[in-house]
$ cat work.txt   # compact mmCIF, C-alpha atoms
# COMPACT_ATOMS: atom_id res chain seq x y z
CA MET A 1 150.56 124.23 43.03
CA MET A 2 153.52 126.31 44.03
CA SER A 3 157.21 125.61 43.89
CA ASN A 4 160.25 127.26 45.34
CA ASP A 5 163.93 127.36 44.48
CA MET A 6 166.46 129.08 46.67
CA LEU A 7 170.09 129.16 47.64
CA LEU A 8 171.19 127.10 50.61
CA SER A 9 172.03 129.73 53.20
CA GLU A 10 175.02 128.01 54.80
CA SER A 11 176.94 127.41 51.59
CA GLN A 12 176.11 130.58 49.68
CA PRO A 13 178.19 133.77 49.99
CA LYS A 14 176.65 137.09 50.90
CA VAL A 15 175.19 138.82 47.89
CA ASN A 16 174.62 142.45 47.04
CA ARG A 17 171.19 143.91 46.26
CA GLY A 18 171.62 143.41 42.53
CA ARG A 19 172.33 139.73 42.98
CA LYS A 20 169.35 139.36 45.36
CA ILE A 21 167.02 140.88 42.76
CA TRP A 22 168.40 138.48 40.14
CA PHE A 23 167.77 135.49 42.40
CA ILE A 24 164.17 136.63 43.02
CA VAL A 25 163.65 136.66 39.25
CA VAL A 26 165.08 133.13 39.12
CA LEU A 27 162.57 131.99 41.73
CA LEU A 28 159.64 133.28 39.70
CA LEU A 29 160.84 131.66 36.49
CA ILE A 30 161.41 128.29 38.14
CA VAL A 31 157.81 128.17 39.40
CA ALA A 32 156.64 127.63 35.82
CA THR A 33 158.97 124.68 35.15
CA CYS A 34 159.42 122.82 38.43
CA VAL A 35 156.12 120.93 38.29
CA LEU A 36 156.85 119.51 34.84
CA VAL A 37 160.40 118.50 35.76
CA PHE A 38 159.43 116.50 38.82
CA TYR A 39 156.47 114.91 37.05
CA PHE A 40 158.84 113.81 34.28
CA LEU A 41 161.45 112.36 36.60
CA PHE A 42 159.18 110.47 38.97
CA ASN A 43 156.36 109.55 36.58
CA LYS A 44 155.84 105.79 36.79
CA ASP A 45 155.28 105.60 33.01
CA LEU A 46 158.88 106.66 32.34
CA ASN A 47 161.71 104.26 33.09
CA PHE A 48 164.48 105.84 35.15
CA ASP A 49 165.04 102.73 37.24
CA ALA A 50 168.68 102.50 36.14
CA TYR A 51 169.40 105.85 37.80
CA LYS A 52 167.13 105.52 40.83
CA THR A 53 167.92 104.21 44.26
CA VAL A 54 164.81 102.98 46.04
CA VAL A 55 165.12 103.84 49.72
CA GLY A 56 161.81 103.35 51.52
CA LYS A 57 163.13 104.41 54.93
CA THR A 58 160.98 106.26 57.47
CA THR A 59 162.02 108.60 60.30
CA GLU A 60 159.59 110.08 62.81
CA THR A 61 160.00 113.22 64.93
CA SER A 62 157.71 115.50 66.92
CA LEU A 63 156.71 117.20 63.62
CA GLY A 64 155.61 114.04 61.86
CA ARG A 65 156.71 111.03 59.84
CA LEU A 66 158.94 111.45 56.78
CA THR A 67 159.59 108.58 54.38
CA LEU A 68 162.41 108.93 51.87
CA ASN A 69 161.02 107.00 48.89
CA GLU A 70 163.74 107.23 46.26
CA ILE A 71 166.57 109.34 44.92
CA ILE A 72 168.03 109.92 41.47
CA ILE A 73 171.71 110.68 40.90
CA ASP A 74 172.27 113.03 37.96
CA ASP A 75 175.27 115.01 36.72
CA ASN A 76 176.12 117.21 39.72
CA GLN A 77 172.52 116.96 40.89
CA ILE A 78 170.57 114.80 43.33
CA LEU A 79 166.78 114.50 43.13
CA LEU A 80 164.78 113.22 46.10
CA ASN A 81 161.21 112.01 46.49
CA ALA A 82 159.76 111.81 50.00
CA THR A 83 156.36 111.47 51.68
CA PHE A 84 155.48 113.54 54.75
CA LYS A 85 152.66 112.89 57.20
CA PRO A 86 152.56 115.77 59.70
CA VAL A 87 151.30 115.41 63.25
CA LYS A 88 147.70 116.43 63.80
CA ASP A 89 148.29 119.93 65.18
CA LEU A 90 151.09 120.99 62.82
CA ASN A 91 150.24 123.96 60.59
CA PHE A 92 151.50 122.53 57.29
CA ASP A 93 150.34 122.99 53.69
CA TYR A 94 151.63 122.77 50.10
CA GLN A 95 153.33 126.17 50.41
CA ILE A 96 155.82 124.81 52.96
CA PHE A 97 159.00 123.12 51.78
CA PHE A 98 161.80 121.16 53.37
CA PHE A 99 165.28 121.79 51.99
CA PRO A 100 167.56 118.82 52.65
CA GLN A 101 171.24 119.14 53.41
CA VAL A 102 173.17 116.41 51.60
CA PHE A 103 176.69 115.24 52.38
CA VAL A 104 178.34 113.08 49.70
CA ASN A 105 181.11 110.81 51.00
CA GLY A 106 181.30 113.07 54.04
CA LYS A 107 181.54 116.37 52.13
CA GLU A 108 178.99 119.02 51.21
CA PHE A 109 178.94 120.26 47.60
CA THR A 110 175.52 121.97 47.56
CA VAL A 111 175.18 125.26 45.68
CA ARG A 112 171.40 125.38 45.26
CA ASN A 113 168.52 123.63 46.96
CA GLY A 114 164.99 123.72 45.56
CA GLY A 115 161.79 121.85 46.07
CA GLN A 116 158.08 121.41 45.76
CA SER A 117 155.33 120.09 48.06
CA ILE A 118 152.23 118.43 46.61
CA GLN A 119 149.23 117.59 48.77
CA GLN A 120 148.10 114.01 48.19
CA SER A 121 145.40 113.89 50.90
CA ASP A 122 144.36 115.81 53.99
CA LYS A 123 147.21 114.25 55.95
CA THR A 124 149.90 113.34 53.39
CA TYR A 125 152.25 115.38 51.19
CA THR A 126 154.81 114.43 48.57
CA ILE A 127 158.02 116.40 49.04
CA TYR A 128 160.24 116.71 45.95
CA SER A 129 163.73 118.17 46.28
CA SER A 130 166.41 119.15 43.79
CA VAL A 131 169.93 119.55 45.16
CA LYS A 132 172.40 121.06 42.69
CA LEU A 133 176.08 120.46 43.43
CA SER A 134 179.36 122.09 42.48
CA GLU A 135 180.75 118.61 41.76
CA LEU A 136 180.29 114.93 42.52
CA PRO A 137 182.99 112.41 43.39
CA GLU A 138 183.78 110.01 40.54
CA GLU A 139 183.33 106.86 42.62
CA GLN A 140 180.62 104.59 41.25
CA THR A 141 179.07 104.21 44.71
CA LEU A 142 178.23 107.28 46.76
CA ASN A 143 177.50 107.40 50.48
CA LEU A 144 174.83 110.02 51.13
CA ASP A 145 174.00 111.59 54.49
CA ILE A 146 170.65 113.33 53.96
CA ARG A 147 169.29 115.70 56.59
CA TYR A 148 165.92 117.41 56.22
CA ASN A 149 166.76 120.27 58.56
CA ASP A 150 165.49 123.44 56.86
CA TRP A 151 161.92 124.77 56.98
CA ASN A 152 161.06 127.02 54.01
CA GLY A 153 164.57 128.44 54.04
CA GLU A 154 163.55 130.52 57.05
CA LYS A 155 164.42 128.44 60.09
CA LYS A 156 166.24 125.31 61.12
CA ILE A 157 164.40 122.19 62.19
CA ASP A 158 165.52 121.25 65.70
CA GLU A 159 164.78 117.56 65.15
CA PRO A 160 165.79 116.90 61.53
CA TRP A 161 164.86 113.76 59.66
CA GLU A 162 168.10 111.97 58.78
CA PHE A 163 168.81 109.18 56.31
CA GLN A 164 171.98 107.34 55.31
CA VAL A 165 171.80 106.00 51.76
CA GLU A 166 174.22 104.21 49.46
CA ALA A 167 173.56 105.15 45.83
CA SER A 168 175.15 104.06 42.57
CA GLN A 169 175.99 106.35 39.68
CA GLU A 170 177.55 103.60 37.56
CA GLN A 171 174.81 103.55 34.91
CA LEU A 172 174.67 107.33 34.80
CA GLN A 173 178.41 107.50 34.15
CA GLU A 174 178.05 104.99 31.32
CA ASP A 175 175.19 106.90 29.68
CA ARG A 176 176.57 110.39 30.28
CA LYS A 177 177.75 112.25 27.20
CA ILE A 178 180.45 114.93 27.53
CA PHE A 179 180.96 117.47 24.76
CA PRO A 180 184.26 119.39 25.28
CA VAL A 181 184.03 123.03 24.18
CA GLU A 182 186.80 125.28 25.63
CA LYS A 183 185.72 128.36 23.67
CA LYS A 184 185.93 131.98 24.80
CA VAL A 185 182.99 134.34 24.37
CA LYS A 186 182.95 138.10 24.96
CA LEU A 187 179.88 139.50 26.73
CA LEU A 188 178.21 142.82 25.94
CA ASP A 189 179.76 144.44 29.02
CA GLY A 190 183.26 143.50 27.84
CA GLN A 191 183.78 140.58 30.19
CA GLU A 192 184.94 137.26 28.77
CA ILE A 193 183.78 133.79 29.68
CA THR A 194 185.10 130.36 28.74
CA ILE A 195 182.49 127.77 27.84
CA GLU A 196 184.18 124.63 29.15
CA LYS A 197 181.87 121.74 28.29
CA VAL A 198 178.34 120.48 27.83
CA VAL A 199 177.31 117.40 29.82
CA SER A 200 174.16 115.51 28.87
CA THR A 201 172.43 112.62 30.66
CA PRO A 202 169.02 110.99 30.20
CA ILE A 203 167.85 113.32 32.97
CA SER A 204 169.27 116.72 32.06
CA THR A 205 171.80 118.70 30.02
CA THR A 206 174.15 121.26 31.60
CA ILE A 207 176.43 123.90 30.09
CA TYR A 208 179.46 124.73 32.24
CA PHE A 209 181.31 128.05 31.86
CA SER A 210 183.77 130.14 33.82
CA SER A 211 185.41 133.57 33.98
CA GLU A 212 188.64 134.97 35.37
CA ASN A 213 186.77 137.58 37.43
CA SER A 214 183.45 137.54 39.22
CA LEU A 215 180.71 137.86 36.65
CA LEU A 216 178.73 141.09 36.77
CA ASN A 217 176.41 140.19 33.92
CA GLU A 218 174.50 137.21 35.28
CA ALA A 219 171.65 137.25 32.77
CA LEU A 220 173.50 135.07 30.27
CA HIS A 221 171.47 132.70 28.14
CA PHE A 222 172.35 129.91 25.73
CA LYS A 223 170.67 127.96 22.99
CA ILE A 224 171.58 124.49 21.74
CA GLN A 225 170.45 123.63 18.23
CA SER A 226 170.41 120.24 16.52
CA ALA A 227 171.37 119.49 12.92
CA THR A 228 167.65 119.37 12.04
CA GLY A 229 167.04 122.86 13.45
CA GLU A 230 165.39 121.89 16.73
CA SER A 231 166.57 124.16 19.54
CA TRP A 232 166.40 124.34 23.32
CA PRO A 233 166.86 127.47 25.50
CA PHE A 234 169.08 127.53 28.60
CA ASN A 235 168.08 130.54 30.68
CA LEU A 236 168.74 129.98 34.38
CA ALA A 237 172.46 130.08 35.16
CA TYR A 238 173.58 129.53 38.75
CA PRO A 239 176.99 129.98 40.45
CA LEU A 240 179.09 126.96 41.36
CA ASN A 241 181.48 128.76 43.69
CA GLU A 242 181.49 131.67 46.13
CA GLU A 243 183.66 133.78 43.83
CA TYR A 244 181.03 133.74 41.05
CA THR A 245 183.64 132.61 38.53
CA LYS A 246 182.25 129.12 37.83
CA TRP A 247 178.72 128.66 36.53
CA GLY A 248 176.26 126.06 35.32
CA VAL A 249 173.04 126.38 33.36
CA ARG A 250 170.84 123.28 33.25
CA LEU A 251 167.85 122.15 31.22
CA ASP A 252 166.00 119.18 32.66
CA ALA A 253 164.41 116.44 30.53
CA LEU A 254 166.84 116.94 27.63
CA TYR A 255 169.23 114.17 26.51
CA LEU A 256 171.53 114.96 23.59
CA THR A 257 171.86 111.68 21.71
CA GLY A 258 172.96 113.10 18.34
CA LYS A 259 176.52 113.39 17.10
CA SER A 260 176.76 117.15 16.65
CA TYR A 261 175.03 120.35 17.76
CA GLU A 262 175.50 124.11 17.73
CA LEU A 263 175.86 126.05 20.96
CA ILE A 264 174.84 129.71 20.75
CA PRO A 265 175.49 132.17 23.62
CA ILE A 266 172.74 134.79 23.85
CA ALA A 267 172.69 138.12 25.68
CA ALA A 268 169.81 139.18 27.92
CA ASN A 269 168.48 141.39 25.12
CA GLY A 270 168.18 138.38 22.82
CA SER A 271 171.16 139.12 20.58
CA GLU A 272 173.60 136.34 19.74
CA LEU A 273 177.10 136.76 21.15
CA GLY A 274 179.22 135.80 18.16
CA SER A 275 178.84 132.87 15.83
CA ALA A 276 177.52 129.44 16.76
CA ILE A 277 179.97 127.03 18.40
CA LYS A 278 180.11 123.52 17.01
CA ILE A 279 180.01 120.78 19.63
CA GLY A 280 180.31 117.05 19.07
CA ASP A 281 181.59 115.39 15.91
CA SER A 282 182.33 117.63 12.96

$ encode --input "work.txt" --output "structure tokens"
Amino acid sequence: MMSNDMLLSESQPKVNRGRKIWFIVVLLLIVATCVLVFYFLFNKDLNFDAYKTVVGKTTETSLGRLTLNEIIIDDNQILLNATFKPVKDLNFDYQIFFFPQVFVNGKEFTVRNGGQSIQQSDKTYTIYSSVKLSELPEEQTLNLDIRYNDWNGEKKIDEPWEFQVEASQEQLQEDRKIFPVEKKVKLLDGQEITIEKVVSTPISTTIYFSSENSLLNEALHFKIQSATGESWPFNLAYPLNEEYTKWGVRLDALYLTGKSYELIPIAANGSELGSAIKIGDS
């Protein structure tokens, strides 16, 4: 199986060669984790029904029939599960991906769009998509306009598959845990970042941080450690704005249910950047 994660071309600013190299590295690292993440989220043995919206709508174009099965609303992330049956003569395999464009309440917040295609039979493929967002409206009910209009990030689909879906994030908002941080950390290159908060849901945990100027050192890692010594690495930061001053770094399938943790910023060389930051109850 192969997976792919890339920046949505319309919403992403032009990047220099250094940034492009960094994003290529990100793509390679995500290949190793994407399969496990989607298996976890859409595995029938795990109960995410409270966060899912079952859709079951089908749209057919000259390329084939696409059925949007279900979606999951997460913290600033939307996960989609679809089934594609291409027309007989279409050259399609598991190395081809559709990247959906998602409008939430009429606005687009996408900062990264990734996906994975899994062949189920000679004529059917499951299409998983992960749409990371700069923000989500706080309304409990979201109106989603979903357009599968991008082919492998290389060309636009002239006849996109479109779906209008109403999804609830009420249960997610109830179960979401927010750990305020607001701590400054100095990087090895002298730049300073502010770790703003950690947000954890039953689906994922995200660390949000920002800087006054565009970050030059993008290879910033974190580690969260529990009171019992169990730790989880956060290695794949992504920009949340075109100025590269707001960032998120997410770890899927981690839900922080304890009262307190330690957050440790780590440089690319593995060294810790200062002392551990306490988050949660003292």

$ closest_residue --input "work.txt" --among "A:Glu70, A:Glu272, A:Asp145, A:Glu60" --to "Phe84 (chain A)" --atoms "all atoms listed in the file"
A:Glu60

$ residues_around --input "work.txt" --residues "Trp161 (chain A)" --least-positions-apart "3" --cutoff "6 Å" --atoms "all atoms listed in the file" --output "number ranges by chain"
A: 59, 147-148

$ write_last_selection --input "work.txt" --atoms "C-alpha atoms" --output "tab-separated table (two decimals), in the frame of the given file"
chain	number	residue	atom	x	y	z
A	59	THR	CA	162.02	108.60	60.30
A	147	ARG	CA	169.29	115.70	56.59
A	148	TYR	CA	165.92	117.41	56.22

$ atom_distance --input "work.txt" --atom1 "CA of Ser211 (chain A)" --atom2 "CA of Leu133 (chain A)"
18.7 Å

$ closest_residue --input "work.txt" --among "A:Ser134, A:Ser271, A:Glu196, A:Leu79" --to "Phe48 (chain A)" --atoms "all atoms listed in the file"
A:Leu79

$ closest_residue --input "work.txt" --among "A:Ile118, A:Val181, A:Ile157, A:Leu254" --to "Phe99 (chain A)" --atoms "only C-alpha atoms"
A:Ile157

$ closest_residue --input "work.txt" --among "A:Ser275, A:Ser117, A:Gln101, A:Asn213" --to "Lys156 (chain A)" --atoms "only C-alpha atoms"
A:Gln101

$ residues_around --input "work.txt" --residues "Phe163 (chain A)" --least-positions-apart "3" --cutoff "12 Å" --atoms "only C-alpha atoms" --output "JSON, numbers by chain"
{"A": [55, 56, 57, 58, 59, 60, 66, 67, 68, 69, 70, 71, 80, 82, 100, 101, 102, 103, 143, 144, 145, 146, 147, 148, 149, 160, 166]}

$ residues_near_point --input "work.txt" --point "(166.7, 120.9, 46.6)" --cutoff "6 Å" --atoms "all atoms listed in the file" --output "short mmCIF file (atom, residue, chain, number, x, y, z; two decimals) with C-alpha atoms, in the coordinates of the input"
data_model
loop_
_atom_site.label_atom_id
_atom_site.label_comp_id
_atom_site.auth_asym_id
_atom_site.auth_seq_id
_atom_site.Cartn_x
_atom_site.Cartn_y
_atom_site.Cartn_z
CA PHE A 99 165.28 121.79 51.99
CA ASN A 113 168.52 123.63 46.96
CA GLY A 114 164.99 123.72 45.56
CA GLY A 115 161.79 121.85 46.07
CA SER A 129 163.73 118.17 46.28
CA SER A 130 166.41 119.15 43.79
CA VAL A 131 169.93 119.55 45.16
#

$ residues_around --input "work.txt" --residues "Phe97 (chain A)" --least-positions-apart "5" --cutoff "8 Å" --atoms "all atoms listed in the file" --output "list in words"
Asn4, Gly115, Gln116, Ser117, Ile127, Trp151 and Asn152 of chain A

$ closest_residue --input "work.txt" --among "A:Val185, A:Val199, A:Val104, A:Leu251" --to "Ile264 (chain A)" --atoms "all atoms listed in the file"
A:Val185

$ residues_around --input "work.txt" --residues "Gly270 (chain A)" --least-positions-apart "5" --cutoff "10 Å" --atoms "all atoms listed in the file" --output "JSON, numbers by chain"
{"A": [220, 221, 222, 265]}

$ build_atoms --input "work.txt" --residues "region 69-81 of chain A" --atoms "N, CA and C atoms" --output "PDB file, keeping the file's coordinate frame"
ATOM      1  N   ASN A  69     161.437 108.052  49.816  1.00  0.00           N
ATOM      2  CA  ASN A  69     161.020 107.000  48.890  1.00  0.00           C
ATOM      3  C   ASN A  69     162.132 106.578  47.946  1.00  0.00           C
ATOM      4  N   GLU A  70     162.715 107.550  47.252  1.00  0.00           N
ATOM      5  CA  GLU A  70     163.740 107.230  46.260  1.00  0.00           C
ATOM      6  C   GLU A  70     164.551 108.464  45.931  1.00  0.00           C
ATOM      7  N   ILE A  71     165.725 108.237  45.374  1.00  0.00           N
ATOM      8  CA  ILE A  71     166.570 109.340  44.920  1.00  0.00           C
ATOM      9  C   ILE A  71     167.064 109.021  43.511  1.00  0.00           C
ATOM     10  N   ILE A  72     167.430 110.058  42.791  1.00  0.00           N
ATOM     11  CA  ILE A  72     168.030 109.920  41.470  1.00  0.00           C
ATOM     12  C   ILE A  72     169.354 110.683  41.480  1.00  0.00           C
ATOM     13  N   ILE A  73     170.415 110.024  41.066  1.00  0.00           N
ATOM     14  CA  ILE A  73     171.710 110.680  40.900  1.00  0.00           C
ATOM     15  C   ILE A  73     171.829 111.153  39.458  1.00  0.00           C
ATOM     16  N   ASP A  74     172.071 112.435  39.280  1.00  0.00           N
ATOM     17  CA  ASP A  74     172.270 113.030  37.960  1.00  0.00           C
ATOM     18  C   ASP A  74     173.648 113.681  37.933  1.00  0.00           C
ATOM     19  N   ASP A  75     174.005 114.289  36.826  1.00  0.00           N
ATOM     20  CA  ASP A  75     175.270 115.010  36.720  1.00  0.00           C
ATOM     21  C   ASP A  75     175.256 116.205  37.659  1.00  0.00           C
ATOM     22  N   ASN A  76     176.026 116.131  38.733  1.00  0.00           N
ATOM     23  CA  ASN A  76     176.120 117.210  39.720  1.00  0.00           C
ATOM     24  C   ASN A  76     174.744 117.645  40.223  1.00  0.00           C
ATOM     25  N   GLN A  77     173.860 116.683  40.403  1.00  0.00           N
ATOM     26  CA  GLN A  77     172.520 116.960  40.890  1.00  0.00           C
ATOM     27  C   GLN A  77     171.954 115.694  41.551  1.00  0.00           C
ATOM     28  N   ILE A  78     171.253 115.903  42.658  1.00  0.00           N
ATOM     29  CA  ILE A  78     170.570 114.800  43.330  1.00  0.00           C
ATOM     30  C   ILE A  78     169.109 115.175  43.480  1.00  0.00           C
ATOM     31  N   LEU A  79     168.218 114.282  43.041  1.00  0.00           N
ATOM     32  CA  LEU A  79     166.780 114.500  43.130  1.00  0.00           C
ATOM     33  C   LEU A  79     166.204 113.526  44.156  1.00  0.00           C
ATOM     34  N   LEU A  80     165.331 114.038  45.007  1.00  0.00           N
ATOM     35  CA  LEU A  80     164.780 113.220  46.100  1.00  0.00           C
ATOM     36  C   LEU A  80     163.257 113.273  46.085  1.00  0.00           C
ATOM     37  N   ASN A  81     162.659 112.149  46.415  1.00  0.00           N
ATOM     38  CA  ASN A  81     161.210 112.010  46.490  1.00  0.00           C
ATOM     39  C   ASN A  81     160.871 111.459  47.863  1.00  0.00           C
TER      40      ASN A  81
END
